Structure formats: C-alpha cells, structure tokens
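Inspection log for the structure reproduced underneath, given as structure tokens.
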Amino acid sequence: THWNEVRKGAEIHRRVRKNVQNKLKPGMTLTEIADIIENATRKFTGAEDLNSMENPKSQGIGFPTGLSINHIAAHFTPNAGDKTVLKHEDVMKVDFGVQVNGNIIDSAWTVSFDDKYDNLITAVREATYTGIKEAGIDVRLTDIGEAIQEVMESYEVELNGETFQVKPCRNLCGHNIGPYRIHGGKSVPIVKNGDNTKMEEGEHFAIETFGSTGRGYVVTDGECSHYARTPNVTTMPSLSSAKKLLKTIDDKFGTLPFCRRYLDRLGEEKYLFALNQLVRQGIVQDYPPLVDIEGSYTAQFEHTILLHPHKKEVVSK
Ligand code: MET
C-alpha cells in the first residue's frame with residue numbers, strides 16, 4: 001500500500017544518509033556531494049534516472065539535493081560548472097528526497113565541522129522534534145508553530161564575540177506531501193501565525209524548522225536551480241522549443257521537482273530560454289535559493305511523518 005511505499009522510501013533515505021554522512025569533508029565540491037547522494041539514491045531505488053510518473057513502478061530521486069550554505073537556507077543545488085567548495089567554517093543544510101511511486105520522503109539535517117554552531121544546530125534540532133511531538137490529528141497548525149517558536153527562541157548562540165537569539169525563519173514552513181507533489185497545499189508554520197487549520201487523519205507531512213542568527217526572514221536570491229511542473233495547469237507553451245522541453249519534463253519528472261543538472265544528464269542542451277518561458281507562462285514553477293541576510297547562519301532539521309488514525313509514525317527517523 002501507500003504507507004508501505006512511504007516506509008520503503010524512508011529506509012532508502014536512511015541508507016543514503018548513512019552512506020553520505022561519514023563522507024562529508026571540507027574541501028569537497030557541492031557537485032561531488034550532490035552526486036554521491038543522488039547516485040546512492042539511484043542505486044538503492046534501482047532507478048536508472050528519474051522516472052516518469054506514467055511508469056507505475058517508478059521510484060528514485062524525490063527532488064533535487066539541497067546543499068544550502070550559511071545564510072542560504074534552502075533551494076540551493078549546484079548547476080553545471082558550479083565550483084563551490086564546502087569549507088571548514090560552513091554550516092550546510094542537506095535536504096534530499098526519495099520517492100517510491102510518487103510517495104515522497106523529505107528529510108534534512110545540518111552539517112558543520114566547527115563547534116561554534118552547536119547551539120544553533122541544537123536549537124533547530126530541538127525545535128523540529130518539538131514540532132514532531134506536537135503534530136497529530138486535529139492539532140491546529142498555529143499551535144505547532146507556537147511550540148516550535150518557543151523552543152527555538154529559548155536558545156542563544158555566541159558567534160565571533162556576538163550573542164544572537166536563535167530566530168525561526170518565519171516565512172519558511174513544513175508542508176503536507178501529496179502523490180508526486182512535494183508541497184501538498186498545507187503549510188506548517190514555525191511561528192505562531194493564527195492559522196487554525198487542523199492536521200487530518202491520513203495526512204503525510206514534512207515537519208521542518210529553520211533557525212537563523214540573522215533576521216529570521218528569507219528572500220529569493222541568486223541563480224535558480226530547482227523547478228517543478230505546476231500541478232493542474234494545462235496551458236500549452238507557445239514556443240516549439242518550450243513544447244519539446246515540457247514533453248521531457250512530463251515524461252521524466254511529472255510534477256516531481258527537478259533541477260538543471262537532471263536536464264543536463266538527459267542530454268538537454270541550451271534549454272534555459274525555453275525553461276524560462278515555461279516559468280513565465282506558469283507551466284513550471286521556479287524555486288530560487290532562499291536566503292537570510294548576508295553574514296548570517298541558518299540551520300534546518302526535517303522529518304517526514306504519517307498521521308494514522310491511532311498513531312503518529314515518524315517514518316524518516
Ligand atoms: N525539501 C524541499 C522543500 O520542501 C524540496 C525542494 S523541491 C522544490 O521545499
């Protein structure tokens with residue numbers, strides 16, 4: 001069933017995580033790190049590449065590997081030619097996904113080699129565990145946000161002679177997950193936001209929190225790498241190059257998120273104009289990097305949970 005597929009994805013996520021965790025070292029390029037994670041996911045799922053959602057057996061990468069450093073909180077993955085090297089003093093969020101028949105596991109953690117980030121990392125880990133603990137059928141989303149915020153803000157970090165209260169990135173959220181859809185439409189806030197919507201039986205959520213030494217608010221910045229077909233949009237592209245690219249996207253990813261590197265490895269070339277056209281027409285959504293202020297540090301922890309009638313299952317742990 002559907003739950004067993006989520007569990008299978010979670011087991012693969014764990015294996016990939018174990019595989020990469022002891023390999024991460026300063027001096028590696030982000031491209032090398034993404035390749036390790038994505039090739040392990042391909043290997044353990046038996047996927048040759050990202051499969052089409054038309055293939056009922058499809059399983060593989062759930063979304064592009066986020067490798068977001070320091071003030072970049074989310075949605076960074078290297079594009080072709082990126083030379084970024086992981087440094088000893090970096091704090092990096094590793095956010096990757098596995099999918100089995102469109103059932104996505106979304107789980108992330110934060111890596112650092114310098115113990116000066118320990119309090120920041122602990123704050124965010126505890127905040128995420130609090131969110132997981134609070135979650136449940138009939139629980140109001142705002143109450144989960146409030147509990148997360150209280151824990152996060154109870155931590156202080158001393159960095160380079162300054163003291164910071166850890167702030168939740170208030171415009172970042174957890175979310176429910178639908179078939180082949182990473183963002184199912186419900187948002188789980190990480191601050192008290194007055195949203196009285198409740199969690200419901202049978203729902204599948206990514207519980208994630210982000211903490212920052214900056215302003216606790218992210219904006220988009222920098223070159224985009226992540227994209228996804230917008231669900232339920234049937235608009236046809238006007239350009240023939242965009243039509244051709246859309247066919248590749250529909251065949252290989254469906255509504256699963258993808259990145260430019262995945263188009264490159266499928267042999268697509270000079271597709272940026274067509275891709276941007278699909279974005280302008282609302283057929284594809286772009287997810288540019290999300291950043292707090294320059295010089296700040298952000299951390300993230302995330303797990304996928306299932307809300308069964310009589311039990312909450314933290315499936316990605
Ligand atoms: N885990 C990431 C998120 O929830 C996936 C990015 S793919 C748009 O935003």
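Naming scheme: A, B, ... for chains in displayed order of the structure tokens; residues 1 onward per chain; ligands 1 onward as shown.
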Proximity check chain A to ligand 1, 8 Å, nearest pairs one decimal Å, only C-alpha atoms and all ligand atoms, as JSON lines:
{"residue": "A:Phe63", "atom": "CA", "partner": "ligand 1", "partner_atom_place_in_ligand_line": "7 (S)", "distance": 5.2}
{"residue": "A:Pro64", "atom": "CA", "partner": "ligand 1", "partner_atom_place_in_ligand_line": "7 (S)", "distance": 6.1}
{"residue": "A:Thr65", "atom": "CA", "partner": "ligand 1", "partner_atom_place_in_ligand_line": "6 (C)", "distance": 7.9}
{"residue": "A:Gly66", "atom": "CA", "partner": "ligand 1", "partner_atom_place_in_ligand_line": "6 (C)", "distance": 7.1}
{"residue": "A:Ala74", "atom": "CA", "partner": "ligand 1", "partner_atom_place_in_ligand_line": "9 (O)", "distance": 7.2}
{"residue": "A:His75", "atom": "CA", "partner": "ligand 1", "partner_atom_place_in_ligand_line": "6 (C)", "distance": 5.9}
{"residue": "A:Asp95", "atom": "CA", "partner": "ligand 1", "partner_atom_place_in_ligand_line": "1 (N)", "distance": 5.8}
{"residue": "A:Phe96", "atom": "CA", "partner": "ligand 1", "partner_atom_place_in_ligand_line": "1 (N)", "distance": 6.6}
{"residue": "A:Gly97", "atom": "CA", "partner": "ligand 1", "partner_atom_place_in_ligand_line": "1 (N)", "distance": 7.1}
{"residue": "A:Asp106", "atom": "CA", "partner": "ligand 1", "partner_atom_place_in_ligand_line": "1 (N)", "distance": 5.7}
{"residue": "A:Ser107", "atom": "CA", "partner": "ligand 1", "partner_atom_place_in_ligand_line": "1 (N)", "distance": 7.1}
{"residue": "A:Ala108", "atom": "CA", "partner": "ligand 1", "partner_atom_place_in_ligand_line": "1 (N)", "distance": 7.5}
{"residue": "A:Gly174", "atom": "CA", "partner": "ligand 1", "partner_atom_place_in_ligand_line": "4 (O)", "distance": 7.2}
{"residue": "A:His175", "atom": "CA", "partner": "ligand 1", "partner_atom_place_in_ligand_line": "4 (O)", "distance": 7.2}
{"residue": "A:Ile182", "atom": "CA", "partner": "ligand 1", "partner_atom_place_in_ligand_line": "4 (O)", "distance": 6.3}
{"residue": "A:His183", "atom": "CA", "partner": "ligand 1", "partner_atom_place_in_ligand_line": "4 (O)", "distance": 6.6}
{"residue": "A:Ala206", "atom": "CA", "partner": "ligand 1", "partner_atom_place_in_ligand_line": "4 (O)", "distance": 7.5}
{"residue": "A:His226", "atom": "CA", "partner": "ligand 1", "partner_atom_place_in_ligand_line": "8 (C)", "distance": 5.9}
{"residue": "A:Tyr227", "atom": "CA", "partner": "ligand 1", "partner_atom_place_in_ligand_line": "8 (C)", "distance": 6.3}
{"residue": "A:Ala228", "atom": "CA", "partner": "ligand 1", "partner_atom_place_in_ligand_line": "8 (C)", "distance": 6.7}
{"residue": "A:Leu256", "atom": "CA", "partner": "ligand 1", "partner_atom_place_in_ligand_line": "7 (S)", "distance": 8.0}
{"residue": "A:Pro257", "atom": "CA", "partner": "ligand 1", "partner_atom_place_in_ligand_line": "7 (S)", "distance": 5.1}
{"residue": "A:Phe258", "atom": "CA", "partner": "ligand 1", "partner_atom_place_in_ligand_line": "7 (S)", "distance": 7.2}
{"residue": "A:Asp286", "atom": "CA", "partner": "ligand 1", "partner_atom_place_in_ligand_line": "8 (C)", "distance": 8.0}
{"residue": "A:Tyr287", "atom": "CA", "partner": "ligand 1", "partner_atom_place_in_ligand_line": "8 (C)", "distance": 5.8}
Running DSSP on the backbone, which parts of segment 66-221 of chain A land in alpha helix (DSSP H), as a VMD selection string? chain A and resid 118 to 134 141 to 153
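A straight line drawn from atom CA of Glu302 of chain A to atom CA of Asn19 of chain A is 18.2 Å long.
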Please produce, as CSV, a per-residue contact table for segment 203-244 of chain A versus segment 264-285 of chain A (criterion: any atom at most 9 Å away, only C-alpha atoms considered), showing the nearest atom pair and its distance in Å to one decimal, sorted by chain then residue number.
residue,atom,partner,partner_atom,distance
A:His226,CA,A:Gln285,CA,8.7
A:Tyr227,CA,A:Gln285,CA,5.6
A:Ala228,CA,A:Gln285,CA,5.3
A:Arg229,CA,A:Val284,CA,4.3
A:Thr230,CA,A:Val284,CA,5.1
A:Pro231,CA,A:Ile283,CA,8.4
A:Val233,CA,A:Ile283,CA,6.1
A:Thr234,CA,A:Ile283,CA,7.5
A:Thr235,CA,A:Ile283,CA,6.6
A:Met236,CA,A:Ile283,CA,7.9
A:Pro237,CA,A:Leu278,CA,6.7
A:Ser238,CA,A:Gln277,CA,8.8
A:Leu239,CA,A:Ala274,CA,7.5
A:Ser240,CA,A:Ala274,CA,8.6
A:Ser241,CA,A:Ala274,CA,5.8
A:Ala242,CA,A:Ala274,CA,4.5
A:Lys243,CA,A:Ala274,CA,8.2
A:Lys244,CA,A:Ala274,CA,8.8
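Among the candidate residues A:Asn79, A:Thr31, A:Gln99, A:Thr213, the one lying nearest to Asn119 of chain A is A:Thr213, with distances computed using only C-alpha atoms.
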Report as a tab-separated table: every residue of segment 271-310 of chain A with an atom at most 10 Å from segment 161-172 of chain A, its closest pair of atoms, and their distance in Å to one decimal, counting only C-alpha atoms, with rows sorted by chain and ascending residue number.
residue	atom	partner	partner_atom	distance
A:Leu290	CA	A:Leu172	CA	9.2
A:Val291	CA	A:Cys169	CA	9.7
A:Asp292	CA	A:Cys169	CA	8.1
A:Tyr297	CA	A:Val166	CA	9.9
A:Thr298	CA	A:Cys169	CA	8.5
A:Ala299	CA	A:Pro168	CA	9.7
A:Gln300	CA	A:Cys169	CA	9.9
